[in-house]
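Source file: work-v9.cif; contents: mmCIF, C-alpha atoms and all ligand atoms.
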data_protein
#
loop_
_atom_site.group_PDB
_atom_site.id
_atom_site.type_symbol
_atom_site.label_atom_id
_atom_site.label_comp_id
_atom_site.auth_asym_id
_atom_site.auth_seq_id
_atom_site.Cartn_x
_atom_site.Cartn_y
_atom_site.Cartn_z
ATOM 1 C CA MET A 716 41.270 69.199 130.463
ATOM 2 C CA SER A 717 39.694 68.511 127.121
ATOM 3 C CA ALA A 718 42.027 69.671 124.397
ATOM 4 C CA HIS A 719 40.383 70.902 121.204
ATOM 5 C CA PRO A 720 41.911 70.118 117.788
ATOM 6 C CA ARG A 721 44.624 72.662 116.975
ATOM 7 C CA THR A 722 44.125 72.484 113.225
ATOM 8 C CA VAL A 723 41.595 71.435 110.628
ATOM 9 C CA ARG A 724 42.462 69.858 107.286
ATOM 10 C CA LEU A 725 41.118 71.830 104.320
ATOM 11 C CA GLY A 726 39.762 70.162 101.186
ATOM 12 C CA ASN A 727 43.166 70.240 99.470
ATOM 13 C CA GLY A 728 45.041 68.853 102.501
ATOM 14 C CA VAL A 729 46.377 72.162 103.838
ATOM 15 C CA GLU A 730 46.225 72.345 107.659
ATOM 16 C CA MET A 731 44.598 75.501 109.025
ATOM 17 C CA PRO A 732 44.764 76.511 112.715
ATOM 18 C CA MET A 733 41.349 76.445 114.424
ATOM 19 C CA VAL A 734 41.944 79.661 116.379
ATOM 20 C CA GLY A 735 43.216 82.759 114.650
ATOM 21 C CA TYR A 736 43.816 86.385 115.472
ATOM 22 C CA GLY A 737 41.592 88.778 113.515
ATOM 23 C CA VAL A 738 42.790 92.331 112.875
ATOM 24 C CA TRP A 739 39.647 94.065 111.619
ATOM 25 C CA GLN A 740 39.658 97.598 113.115
ATOM 26 C CA VAL A 741 43.096 97.018 114.665
ATOM 27 C CA LEU A 742 44.657 100.283 113.544
ATOM 28 C CA PRO A 743 46.918 102.148 113.004
ATOM 29 C CA GLU A 744 49.275 99.785 111.229
ATOM 30 C CA SER A 745 52.101 100.322 113.723
ATOM 31 C CA ARG A 746 49.725 99.065 116.414
ATOM 32 C CA THR A 747 48.671 96.151 114.198
ATOM 33 C CA THR A 748 52.280 94.970 114.074
ATOM 34 C CA ALA A 749 52.632 95.082 117.872
ATOM 35 C CA ARG A 750 49.289 93.318 118.417
ATOM 36 C CA VAL A 751 50.055 90.579 115.881
ATOM 37 C CA LEU A 752 53.414 90.011 117.574
ATOM 38 C CA ASP A 753 51.602 89.802 120.941
ATOM 39 C CA ALA A 754 49.294 87.201 119.414
ATOM 40 C CA ILE A 755 52.123 85.170 117.909
ATOM 41 C CA THR A 756 54.009 85.297 121.211
ATOM 42 C CA ALA A 757 50.864 84.093 122.989
ATOM 43 C CA GLY A 758 50.786 81.112 120.610
ATOM 44 C CA TYR A 759 48.458 82.128 117.761
ATOM 45 C CA ARG A 760 49.396 80.520 114.457
ATOM 46 C CA LEU A 761 46.853 82.227 112.173
ATOM 47 C CA VAL A 762 46.439 85.927 111.393
ATOM 48 C CA ASP A 763 43.383 87.096 109.484
ATOM 49 C CA THR A 764 43.530 90.385 107.584
ATOM 50 C CA ALA A 765 41.918 91.823 104.439
ATOM 51 C CA ALA A 766 42.653 94.472 101.851
ATOM 52 C CA ALA A 767 39.716 96.418 103.280
ATOM 53 C CA TYR A 768 41.177 96.528 106.800
ATOM 54 C CA GLY A 769 44.012 98.812 105.708
ATOM 55 C CA ASN A 770 46.578 96.979 107.813
ATOM 56 C CA GLU A 771 48.130 94.312 105.555
ATOM 57 C CA ARG A 772 51.498 96.079 105.698
ATOM 58 C CA GLY A 773 51.408 96.057 109.498
ATOM 59 C CA VAL A 774 50.560 92.351 109.481
ATOM 60 C CA GLY A 775 53.405 91.661 107.057
ATOM 61 C CA ASP A 776 55.851 93.526 109.307
ATOM 62 C CA ALA A 777 54.930 91.207 112.193
ATOM 63 C CA VAL A 778 54.932 87.976 110.171
ATOM 64 C CA ARG A 779 58.372 88.698 108.768
ATOM 65 C CA GLU A 780 59.727 88.821 112.332
ATOM 66 C CA VAL A 781 59.011 85.109 112.829
ATOM 67 C CA ALA A 782 59.576 81.877 110.903
ATOM 68 C CA ARG A 783 57.219 81.987 107.928
ATOM 69 C CA GLU A 784 55.962 78.424 108.442
ATOM 70 C CA ASP A 785 54.894 79.315 111.985
ATOM 71 C CA VAL A 786 52.094 81.636 110.866
ATOM 72 C CA PHE A 787 49.167 80.969 108.555
ATOM 73 C CA VAL A 788 48.205 84.255 106.873
ATOM 74 C CA THR A 789 44.742 84.943 105.440
ATOM 75 C CA SER A 790 43.744 87.973 103.397
ATOM 76 C CA LYS A 791 40.643 88.904 101.402
ATOM 77 C CA LEU A 792 39.698 90.484 98.112
ATOM 78 C CA TRP A 793 37.559 93.599 98.496
ATOM 79 C CA ASN A 794 34.147 93.967 96.845
ATOM 80 C CA THR A 795 35.125 96.650 94.348
ATOM 81 C CA GLN A 796 37.838 94.392 92.887
ATOM 82 C CA HIS A 797 35.620 91.570 91.594
ATOM 83 C CA GLY A 798 36.314 90.425 88.021
ATOM 84 C CA ARG A 799 39.288 88.489 86.664
ATOM 85 C CA ASP A 800 41.827 91.216 85.923
ATOM 86 C CA SER A 801 41.044 93.368 88.926
ATOM 87 C CA THR A 802 41.231 90.312 91.177
ATOM 88 C CA LEU A 803 44.709 89.483 89.923
ATOM 89 C CA ARG A 804 45.778 93.121 90.345
ATOM 90 C CA ALA A 805 44.295 93.279 93.851
ATOM 91 C CA PHE A 806 46.100 90.069 94.806
ATOM 92 C CA ASP A 807 49.395 91.587 93.658
ATOM 93 C CA ALA A 808 48.683 94.676 95.760
ATOM 94 C CA THR A 809 47.911 92.512 98.797
ATOM 95 C CA MET A 810 51.160 90.593 98.369
ATOM 96 C CA ALA A 811 53.112 93.813 97.864
ATOM 97 C CA ALA A 812 51.699 95.121 101.157
ATOM 98 C CA LEU A 813 52.306 91.880 103.039
ATOM 99 C CA ARG A 814 55.683 91.314 101.348
ATOM 100 C CA LEU A 815 55.284 87.541 101.481
ATOM 101 C CA GLU A 816 56.134 85.012 98.760
ATOM 102 C CA VAL A 817 53.036 82.873 99.170
ATOM 103 C CA LEU A 818 49.733 83.575 100.912
ATOM 104 C CA ASP A 819 48.205 80.746 102.953
ATOM 105 C CA LEU A 820 44.538 81.551 102.312
ATOM 106 C CA TYR A 821 42.831 84.093 100.052
ATOM 107 C CA LEU A 822 39.110 84.738 100.452
ATOM 108 C CA VAL A 823 36.468 86.497 98.365
ATOM 109 C CA HIS A 824 35.356 88.919 101.105
ATOM 110 C CA TRP A 825 31.645 89.191 100.091
ATOM 111 C CA PRO A 826 29.656 87.728 97.177
ATOM 112 C CA VAL A 827 28.117 91.099 96.105
ATOM 113 C CA PRO A 828 25.428 89.235 94.126
ATOM 114 C CA GLY A 829 24.110 92.504 92.656
ATOM 115 C CA ARG A 830 27.305 92.826 90.584
ATOM 116 C CA ASP A 831 27.210 89.163 89.616
ATOM 117 C CA LEU A 832 30.981 88.853 89.221
ATOM 118 C CA TYR A 833 31.796 86.383 91.953
ATOM 119 C CA VAL A 834 31.958 83.378 89.589
ATOM 120 C CA GLU A 835 34.488 85.152 87.334
ATOM 121 C CA THR A 836 36.342 86.256 90.468
ATOM 122 C CA TRP A 837 36.441 82.677 91.702
ATOM 123 C CA ARG A 838 37.991 81.530 88.410
ATOM 124 C CA ALA A 839 40.788 84.048 89.000
ATOM 125 C CA PHE A 840 41.230 82.551 92.479
ATOM 126 C CA GLU A 841 41.582 79.143 90.816
ATOM 127 C CA GLU A 842 44.375 80.602 88.654
ATOM 128 C CA LEU A 843 46.194 81.917 91.740
ATOM 129 C CA LEU A 844 45.948 78.485 93.339
ATOM 130 C CA ALA A 845 47.169 76.704 90.206
ATOM 131 C CA ASP A 846 50.088 79.146 89.967
ATOM 132 C CA GLY A 847 51.146 78.367 93.551
ATOM 133 C CA ARG A 848 50.727 81.952 94.723
ATOM 134 C CA VAL A 849 48.307 80.887 97.431
ATOM 135 C CA ARG A 850 48.069 77.580 99.313
ATOM 136 C CA ALA A 851 44.292 77.588 99.697
ATOM 137 C CA ILE A 852 41.317 79.611 98.448
ATOM 138 C CA GLY A 853 37.936 80.252 99.950
ATOM 139 C CA VAL A 854 35.044 82.628 100.327
ATOM 140 C CA SER A 855 33.483 84.747 103.034
ATOM 141 C CA ASN A 856 29.855 85.617 103.681
ATOM 142 C CA PHE A 857 28.630 83.198 100.993
ATOM 143 C CA HIS A 858 25.255 81.513 101.288
ATOM 144 C CA ALA A 859 24.113 78.227 99.754
ATOM 145 C CA GLU A 860 22.863 79.815 96.521
ATOM 146 C CA HIS A 861 26.233 81.501 95.935
ATOM 147 C CA LEU A 862 28.051 78.220 96.597
ATOM 148 C CA ASP A 863 25.642 76.465 94.206
ATOM 149 C CA ARG A 864 26.723 78.836 91.429
ATOM 150 C CA LEU A 865 30.415 78.109 92.098
ATOM 151 C CA ALA A 866 29.699 74.358 92.125
ATOM 152 C CA ALA A 867 27.793 74.537 88.830
ATOM 153 C CA GLU A 868 30.149 76.872 86.962
ATOM 154 C CA THR A 869 33.671 76.258 88.295
ATOM 155 C CA ALA A 870 35.916 73.297 89.111
ATOM 156 C CA THR A 871 37.023 74.091 92.676
ATOM 157 C CA VAL A 872 35.023 73.822 95.891
ATOM 158 C CA PRO A 873 36.001 76.668 98.252
ATOM 159 C CA MET A 874 38.095 75.331 101.112
ATOM 160 C CA VAL A 875 36.733 77.782 103.699
ATOM 161 C CA ASN A 876 33.643 79.951 104.156
ATOM 162 C CA GLN A 877 34.215 82.666 106.754
ATOM 163 C CA VAL A 878 30.889 83.972 108.065
ATOM 164 C CA GLU A 879 29.429 85.701 111.089
ATOM 165 C CA LEU A 880 28.729 82.945 113.641
ATOM 166 C CA HIS A 881 28.017 83.083 117.369
ATOM 167 C CA PRO A 882 25.239 82.005 119.755
ATOM 168 C CA TYR A 883 22.961 84.873 118.590
ATOM 169 C CA LEU A 884 23.457 83.884 114.906
ATOM 170 C CA GLN A 885 24.065 80.159 114.784
ATOM 171 C CA GLN A 886 23.389 79.529 111.071
ATOM 172 C CA ALA A 887 22.671 75.827 111.652
ATOM 173 C CA GLY A 888 21.323 75.350 108.107
ATOM 174 C CA LEU A 889 24.386 76.944 106.533
ATOM 175 C CA LEU A 890 26.756 74.886 108.719
ATOM 176 C CA ALA A 891 25.054 71.631 107.660
ATOM 177 C CA ASP A 892 25.302 72.744 104.035
ATOM 178 C CA LEU A 893 29.027 73.544 104.372
ATOM 179 C CA ASP A 894 29.626 70.182 106.017
ATOM 180 C CA ARG A 895 27.910 68.402 103.128
ATOM 181 C CA ARG A 896 30.110 70.282 100.632
ATOM 182 C CA GLY A 897 33.343 69.681 102.597
ATOM 183 C CA ILE A 898 33.869 73.401 103.279
ATOM 184 C CA VAL A 899 35.375 74.433 106.631
ATOM 185 C CA ALA A 900 33.318 77.032 108.515
ATOM 186 C CA GLN A 901 35.259 79.868 110.122
ATOM 187 C CA ALA A 902 33.567 82.417 112.409
ATOM 188 C CA TRP A 903 34.133 86.138 112.216
ATOM 189 C CA SER A 904 32.974 88.018 115.311
ATOM 190 C CA PRO A 905 32.654 84.731 117.244
ATOM 191 C CA LEU A 906 31.873 86.876 120.324
ATOM 192 C CA GLY A 907 29.117 88.804 118.521
ATOM 193 C CA GLN A 908 31.425 91.849 118.514
ATOM 194 C CA GLY A 909 31.522 91.478 122.265
ATOM 195 C CA ALA A 910 27.712 91.504 122.744
ATOM 196 C CA LEU A 911 27.673 87.905 124.020
ATOM 197 C CA LEU A 912 30.031 88.834 126.828
ATOM 198 C CA ALA A 913 27.267 90.780 128.582
ATOM 199 C CA ASP A 914 24.707 87.977 128.253
ATOM 200 C CA PRO A 915 23.593 86.605 131.672
ATOM 201 C CA VAL A 916 23.305 83.038 130.330
ATOM 202 C CA VAL A 917 26.897 83.169 129.072
ATOM 203 C CA ALA A 918 28.017 84.659 132.403
ATOM 204 C CA ASP A 919 26.228 81.871 134.259
ATOM 205 C CA VAL A 920 27.847 79.110 132.176
ATOM 206 C CA ALA A 921 31.210 80.860 132.606
ATOM 207 C CA ARG A 922 30.806 80.800 136.389
ATOM 208 C CA GLN A 923 29.834 77.120 136.343
ATOM 209 C CA VAL A 924 32.814 75.998 134.265
ATOM 210 C CA GLY A 925 35.328 78.394 135.815
ATOM 211 C CA ALA A 926 36.184 80.210 132.596
ATOM 212 C CA SER A 927 35.613 83.712 131.195
ATOM 213 C CA PRO A 928 32.517 84.486 129.080
ATOM 214 C CA ALA A 929 34.749 84.917 126.004
ATOM 215 C CA GLN A 930 36.356 81.506 126.556
ATOM 216 C CA VAL A 931 32.940 79.863 126.894
ATOM 217 C CA VAL A 932 31.650 81.327 123.628
ATOM 218 C CA LEU A 933 34.860 80.492 121.763
ATOM 219 C CA ARG A 934 34.830 76.909 123.007
ATOM 220 C CA TRP A 935 31.134 76.582 122.042
ATOM 221 C CA ASN A 936 32.147 77.525 118.479
ATOM 222 C CA LEU A 937 35.098 75.088 118.426
ATOM 223 C CA ASP A 938 32.974 72.249 119.776
ATOM 224 C CA ARG A 939 30.654 72.705 116.755
ATOM 225 C CA GLY A 940 33.682 72.269 114.468
ATOM 226 C CA VAL A 941 33.838 75.984 113.671
ATOM 227 C CA ALA A 942 37.229 77.733 113.452
ATOM 228 C CA VAL A 943 37.284 81.105 115.245
ATOM 229 C CA LEU A 944 38.850 84.537 114.813
ATOM 230 C CA PRO A 945 38.461 86.394 118.101
ATOM 231 C CA ARG A 946 39.488 90.015 117.903
ATOM 232 C CA SER A 947 41.025 91.929 120.769
ATOM 233 C CA SER A 948 43.390 94.844 121.172
ATOM 234 C CA ASN A 949 44.343 93.838 124.698
ATOM 235 C CA PRO A 950 47.356 91.511 125.218
ATOM 236 C CA THR A 951 45.819 89.794 128.276
ATOM 237 C CA ARG A 952 42.568 89.082 126.416
ATOM 238 C CA ILE A 953 44.459 88.014 123.282
ATOM 239 C CA ALA A 954 46.169 85.328 125.390
ATOM 240 C CA GLU A 955 42.960 84.409 127.244
ATOM 241 C CA ASN A 956 41.143 83.765 123.951
ATOM 242 C CA LEU A 957 43.661 81.083 123.002
ATOM 243 C CA ASP A 958 43.620 79.328 126.347
ATOM 244 C CA LEU A 959 40.615 77.077 125.711
ATOM 245 C CA ASP A 960 41.692 73.524 126.563
ATOM 246 C CA GLY A 961 40.463 73.793 130.147
ATOM 247 C CA VAL A 962 37.012 75.038 129.103
ATOM 248 C CA GLU A 963 34.804 71.960 129.310
ATOM 249 C CA LEU A 964 31.198 72.460 128.278
ATOM 250 C CA ALA A 965 28.742 69.773 129.373
ATOM 251 C CA ALA A 966 25.644 69.007 127.307
ATOM 252 C CA HIS A 967 23.460 71.251 129.466
ATOM 253 C CA HIS A 968 25.875 74.172 129.018
ATOM 254 C CA VAL A 969 25.790 73.695 125.261
ATOM 255 C CA ALA A 970 21.981 73.490 125.374
ATOM 256 C CA ALA A 971 21.814 76.778 127.329
ATOM 257 C CA LEU A 972 24.049 78.490 124.744
ATOM 258 C CA ASP A 973 22.143 76.941 121.828
ATOM 259 C CA ALA A 974 18.947 78.426 123.267
ATOM 260 C CA LEU A 975 20.365 81.949 122.760
ATOM 261 C CA GLU A 976 19.699 81.815 118.999
ATOM 262 C CA ARG A 977 18.063 85.074 117.799
ATOM 263 C CA ASP A 978 19.019 85.092 114.127
ATOM 264 C CA GLU A 979 20.654 88.438 114.949
ATOM 265 C CA ARG A 980 23.517 89.824 112.873
ATOM 266 C CA THR A 981 26.013 92.393 114.086
ATOM 267 C CA GLY A 982 27.221 92.916 110.514
ATOM 268 C CA PRO A 983 25.606 93.405 107.101
ATOM 269 C CA HIS A 984 23.547 90.840 105.196
ATOM 270 C CA PRO A 985 25.502 89.034 102.451
ATOM 271 C CA ASP A 986 22.657 89.225 99.946
ATOM 272 C CA THR A 987 22.622 93.003 99.915
ATOM 273 C CA PHE A 988 26.011 94.243 101.140
ATOM 274 C CA THR A 989 28.100 96.035 98.528
ATOM 275 C CA GLY A 990 30.471 97.875 100.862
ATOM 276 C CA GLU A 991 30.516 100.855 98.490
HETATM 277 P P1 LIG B 1001 38.980 94.412 123.367
HETATM 278 O O1 LIG B 1001 39.657 94.691 122.046
HETATM 279 O O2 LIG B 1001 38.966 95.597 124.273
HETATM 280 O O3 LIG B 1001 39.502 93.151 124.027
HETATM 281 P P2 LIG B 1001 34.448 89.791 118.085
HETATM 282 O O4 LIG B 1001 35.726 89.014 118.009
HETATM 283 O O5 LIG B 1001 33.233 88.936 118.212
HETATM 284 O O6 LIG B 1001 34.298 90.800 116.978
HETATM 285 O O7 LIG B 1001 34.506 90.655 119.475
HETATM 286 C C1 LIG B 1001 35.461 91.654 119.638
HETATM 287 C C2 LIG B 1001 35.104 92.475 120.859
HETATM 288 O O8 LIG B 1001 35.163 91.636 122.016
HETATM 289 C C3 LIG B 1001 36.073 93.594 121.105
HETATM 290 O O9 LIG B 1001 35.310 94.699 121.564
HETATM 291 C C4 LIG B 1001 36.995 93.093 122.203
HETATM 292 O O10 LIG B 1001 37.416 94.154 123.024
HETATM 293 C C5 LIG B 1001 36.089 92.172 122.975
HETATM 294 N N1 LIG B 1001 36.828 91.029 123.533
HETATM 295 C C6 LIG B 1001 37.585 90.144 122.859
HETATM 296 N N2 LIG B 1001 38.081 89.200 123.679
HETATM 297 C C7 LIG B 1001 37.625 89.509 124.911
HETATM 298 C C8 LIG B 1001 37.793 88.906 126.200
HETATM 299 N N3 LIG B 1001 38.514 87.806 126.353
HETATM 300 N N4 LIG B 1001 37.177 89.501 127.258
HETATM 301 C C9 LIG B 1001 36.430 90.616 127.098
HETATM 302 N N5 LIG B 1001 36.227 91.221 125.911
HETATM 303 C C10 LIG B 1001 36.821 90.683 124.831
#
Final structure tokens representation of the file:
Amino acid sequence: MSAHPRTVRLGNGVEMPMVGYGVWQVLPESRTTARVLDAITAGYRLVDTAAAYGNERGVGDAVREVAREDVFVTSKLWNTQHGRDSTLRAFDATMAALRLEVLDLYLVHWPVPGRDLYVETWRAFEELLADGRVRAIGVSNFHAEHLDRLAAETATVPMVNQVELHPYLQQAGLLADLDRRGIVAQAWSPLGQGALLADPVVADVARQVGASPAQVVLRWNLDRGVAVLPRSSNPTRIAENLDLDGVELAAHHVAALDALERDERTGPHPDTFTGE
């Protein structure tokens, strides 16, 4: 058994779980609550939602069933809410839906460079952090040039950058850049929205190490120091995706998975996505 680190320390000292349960497309909200409770029962300690997912209330219903310190809750500001005042209003709406006192992590969901408001938005995030309304702040889908702007024009380095990351889209250059800046990388769609699970190379490695394809891909992410947010609506698979200590990848397994790189996104490109 090779245990993986359970948490990672963010730039401001806050500990964030390495494996979280993502609830994108987990709807309706009543089902979100049941699924999040399944995940917490299985041992998940991080739940990742967003204003855009339409299920913050369902997440809040689940989180309020357990001890607050047992679950790290992430939410995200949607693209149409960039700008100082609308960010602060959107944060209030998120907290009203979640019905929590303090959020653990708030992310700028996409940079939307065409609107050029992400720097002003980030300054509002700094206010929320200074006011103690959120324990950590970060970004999502940001590339080096967007992070350069934040570094040049604001005082706070994002603590997390949540991006699409999996063997078909490895983003090695971005990961090295995040490491240099002290930003923790967190993968959305770490299974390539499930596409990796049908890959014969992944299946072969899974057979060799005696794990499922999903476990192999998740462990590959963790072994690169990347936090993961696997998404599943199935209680058995939710539990399976957290059970990663026994998944031991040797160097030749990692090399086989590394060789799957295709620079292939399942989601939109951050430079152009507006979400409108
Ligand atoms: P399901 O909800 O039926 O389990 P990603 O996290 O990369 O976006 O991938 C999510 C997709 O992967 C979903 O379609 C989900 O389907 C599927 N999935 C998640 N975990 C597993 C697993 N352990 N085994 C098989 N499929 C999985």
| task | Give as a PyMOL selection string the residues that the PyMOL selection byres (((chain A and resi 907-910) around 12) and not hetatm) matches when applied to the coordinates above. | result | chain A and resi 737+739-740+878-885+902-906+911-915+917-918+928-930+932-933+936+943-947+975-982
Residues as selected, C-alpha atoms, written as a tab-separated table (two decimals), keeping the file's coordinate frame, can you do that?
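again.tsv, freshly written:
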chain	number	residue	atom	x	y	z
A	737	GLY	CA	41.59	88.78	113.52
A	739	TRP	CA	39.65	94.06	111.62
A	740	GLN	CA	39.66	97.60	113.12
A	878	VAL	CA	30.89	83.97	108.06
A	879	GLU	CA	29.43	85.70	111.09
A	880	LEU	CA	28.73	82.94	113.64
A	881	HIS	CA	28.02	83.08	117.37
A	882	PRO	CA	25.24	82.00	119.76
A	883	TYR	CA	22.96	84.87	118.59
A	884	LEU	CA	23.46	83.88	114.91
A	885	GLN	CA	24.06	80.16	114.78
A	902	ALA	CA	33.57	82.42	112.41
A	903	TRP	CA	34.13	86.14	112.22
A	904	SER	CA	32.97	88.02	115.31
A	905	PRO	CA	32.65	84.73	117.24
A	906	LEU	CA	31.87	86.88	120.32
A	911	LEU	CA	27.67	87.90	124.02
A	912	LEU	CA	30.03	88.83	126.83
A	913	ALA	CA	27.27	90.78	128.58
A	914	ASP	CA	24.71	87.98	128.25
A	915	PRO	CA	23.59	86.60	131.67
A	917	VAL	CA	26.90	83.17	129.07
A	918	ALA	CA	28.02	84.66	132.40
A	928	PRO	CA	32.52	84.49	129.08
A	929	ALA	CA	34.75	84.92	126.00
A	930	GLN	CA	36.36	81.51	126.56
A	932	VAL	CA	31.65	81.33	123.63
A	933	LEU	CA	34.86	80.49	121.76
A	936	ASN	CA	32.15	77.53	118.48
A	943	VAL	CA	37.28	81.10	115.24
A	944	LEU	CA	38.85	84.54	114.81
A	945	PRO	CA	38.46	86.39	118.10
A	946	ARG	CA	39.49	90.02	117.90
A	947	SER	CA	41.02	91.93	120.77
A	975	LEU	CA	20.36	81.95	122.76
A	976	GLU	CA	19.70	81.82	119.00
A	977	ARG	CA	18.06	85.07	117.80
A	978	ASP	CA	19.02	85.09	114.13
A	979	GLU	CA	20.65	88.44	114.95
A	980	ARG	CA	23.52	89.82	112.87
A	981	THR	CA	26.01	92.39	114.09
A	982	GLY	CA	27.22	92.92	110.51
| task | Using all atoms listed in the file, determine which residues lie at most 12 Å from A:Glu784, disregarding the query and same-chain residues fewer than 2 positions distant; provide the list as an NGL selection string. | result | :A and (730-731 or 760-761 or 778-782 or 786-788 or 815-819)
| message | Using all atoms listed in the file for the distances, tell me which of A:Pro873, A:Gly940, A:Gly775, A:Pro828 is nearest to A:Pro720. | response | A:Gly940
I'd like the box whose edges run along x, y and z of the file and which contains every listed atom of ligand LIG 1001 (chain B), padded by 3 Å per side; could you state its centre and edge lengths in Å, one decimal, as JSON?
{"center_x": 36.4, "center_y": 91.7, "center_z": 122.1, "size_x": 12.4, "size_y": 13.8, "size_z": 16.3}
| query | Which residue out of A:Asn956, A:Gln886, A:Ala767, A:Gln923 has the minimum interatomic distance to ligand LIG 1001 (chain B) when all atoms listed in the file are used? | reply |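 The answer is A:Asn956, which sits nearest to ligand LIG 1001 (chain B).
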| What gap, in Å, lies between atom CA of A:Ser927 and atom CA of A:Asp894? |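 The value is 29.2 Å.
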| request: Could you pull out every residue with an atom within 12 Å of (43.1, 76.9, 109.3), file coordinates, counting only C-alpha atoms, and send them as a PyMOL selection string? | output: chain A and resi 720-736+759-763+786-789+819-821+850-853+874-877+898-902+940-944
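Shortest separation to A:Arg814 among A:Val774, A:Arg896, A:Glu841, A:Ala765 occurs at residue A:Val774, atoms counted being only C-alpha atoms.
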| query | Could you tell me, as a VMD selection string, which residues have any atom at most 9 Å from (52.7, 97.9, 114.3), counting only C-alpha atoms? | reply | chain A and resid 742 to 752 770 772 to 774 776 to 777
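The interatomic distance for the pair atom CA of A:Lys791 and atom CA of A:Val823 works out to 5.7 Å.
Between atom CA of A:His858 and atom CA of A:Thr987 there is a distance of 11.9 Å.
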